[in-house]
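One structure is given here, and the rest of the page talks about it.
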Amino acid sequence: MTELRLQLSESGADAERLDTLTRYLRQELVDLGVGDVTAQPAGPPPPGARAFEALAIGSLLVTLSESAQGVRKVVAAIRGWLSQGGTTKRTVRLELEGDVLELSEVTEKEQTRLIELFVSRHTGSDG
C-alpha cells in the first residue's frame, strides 16, 4: 500500500472553512474509490490534556489501493479542487515516499508539467 499525505490551505480561511474544504475533498476522493482516505492526526495532546485523538485541520492521508492509477485519480481531484478556488489562493502539499510537491499559484501549463513529473516518479511512467 502507498500512502499519500495531503495538506490543504486557502488564503484567509479560518479553521471551520478549512475543515469544510477538507471534508469536501475527502468525500470526493472516497467517491473515486482510490483507497482509504482519513484525516491525519494532529499529534499527541499537550501534557495534562484529555486523551483523545485531535485531527490536523486540512490534512488527509490517502492509502492507495492501486498506486499508479490511484495517484493519477487523486491528482486529478486536487487539480479540480484548486481550480474551484476562483480568485482565492489555494495550496495543496502532496507528500509521497518522502517526495513533496506543492501546488498553488502557477500557470496551468506549469502545474501540468510539475504534476506529470511527480506522478511519473512514483508510477514508473512518463504520462
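We label chains A, B, ... in the order they appear in the C-alpha cells, count residues from 1 in each chain, and number ligands from 1 in the order shown.
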Expected answer as a VMD selection string: alpha helix (DSSP H) residues in chain A: chain A and resid 15 to 32 67 to 83 108 to 123
Nearby residues (only C-alpha atoms) at most 12 Å from Leu25 (chain A), same-chain spacing under 6 positions excluded, as a PyMOL selection string: chain A and resi 6-9+18-19+31-32+37-39+58-62+74-82+84+92
Å distance separating CA of Asp14 (chain A) from CA of Leu29 (chain A), one decimal place: 22.6 Å
Residue set, chain A restricted to strand (DSSP E or B), as a PyMOL selection string: chain A and resi 2-10+35-41+55-64+90-96+99-103
Restricted to C-alpha atoms, what would the selected residues look like written as a PDB file, in the first residue's frame?
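Output below, filename again16.pdb:
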ATOM      1  CA  THR A   2       1.155   3.512  -0.819  1.00  0.00           C
ATOM      2  CA  GLU A   3       0.460   6.449   1.499  1.00  0.00           C
ATOM      3  CA  LEU A   4      -0.079   9.896   0.041  1.00  0.00           C
ATOM      4  CA  ARG A   5      -0.275  12.781   2.523  1.00  0.00           C
ATOM      5  CA  LEU A   6      -2.151  15.942   1.600  1.00  0.00           C
ATOM      6  CA  GLN A   7      -2.095  19.323   3.323  1.00  0.00           C
ATOM      7  CA  LEU A   8      -4.678  21.848   2.109  1.00  0.00           C
ATOM      8  CA  SER A   9      -4.780  25.571   2.677  1.00  0.00           C
ATOM      9  CA  GLU A  10      -6.781  28.519   1.420  1.00  0.00           C
ATOM     10  CA  GLY A  35      -8.399   3.535  -1.265  1.00  0.00           C
ATOM     11  CA  ASP A  36      -8.765   4.636   2.338  1.00  0.00           C
ATOM     12  CA  VAL A  37      -8.986   8.409   2.919  1.00  0.00           C
ATOM     13  CA  THR A  38      -8.706   9.595   6.500  1.00  0.00           C
ATOM     14  CA  ALA A  39      -7.985  12.795   8.380  1.00  0.00           C
ATOM     15  CA  GLN A  40      -4.446  12.870   9.742  1.00  0.00           C
ATOM     16  CA  PRO A  41      -3.936  13.021  13.484  1.00  0.00           C
ATOM     17  CA  LEU A  55      -7.178  15.767  13.888  1.00  0.00           C
ATOM     18  CA  ALA A  56      -4.977  18.102  11.906  1.00  0.00           C
ATOM     19  CA  ILE A  57      -7.229  20.535  10.054  1.00  0.00           C
ATOM     20  CA  GLY A  58      -6.600  20.469   6.328  1.00  0.00           C
ATOM     21  CA  SER A  59      -4.656  17.195   6.414  1.00  0.00           C
ATOM     22  CA  LEU A  60      -5.615  13.958   4.720  1.00  0.00           C
ATOM     23  CA  LEU A  61      -3.917  10.580   4.488  1.00  0.00           C
ATOM     24  CA  VAL A  62      -4.769   8.599   1.370  1.00  0.00           C
ATOM     25  CA  THR A  63      -3.818   4.919   1.466  1.00  0.00           C
ATOM     26  CA  LEU A  64      -3.882   3.970  -2.200  1.00  0.00           C
ATOM     27  CA  ARG A  90      -5.456  27.674  -2.576  1.00  0.00           C
ATOM     28  CA  THR A  91      -2.441  25.477  -1.956  1.00  0.00           C
ATOM     29  CA  VAL A  92      -2.059  21.725  -1.752  1.00  0.00           C
ATOM     30  CA  ARG A  93       1.049  19.995  -0.489  1.00  0.00           C
ATOM     31  CA  LEU A  94       1.405  16.357  -1.565  1.00  0.00           C
ATOM     32  CA  GLU A  95       3.922  14.021   0.031  1.00  0.00           C
ATOM     33  CA  LEU A  96       4.586  10.549  -1.326  1.00  0.00           C
ATOM     34  CA  ASP A  99       8.895  13.350  -2.259  1.00  0.00           C
ATOM     35  CA  VAL A 100       6.980  16.635  -1.871  1.00  0.00           C
ATOM     36  CA  LEU A 101       5.024  18.628  -4.445  1.00  0.00           C
ATOM     37  CA  GLU A 102       3.351  21.904  -3.511  1.00  0.00           C
ATOM     38  CA  LEU A 103       0.841  23.372  -5.935  1.00  0.00           C
TER      39      LEU A 103
END
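For the pair CA of Ser104 (chain A) and CA of Gly33 (chain A), the interatomic distance is 25.3 Å.
CA of Lys89 (chain A) is positioned 8.7 Å from CA of Gly12 (chain A).
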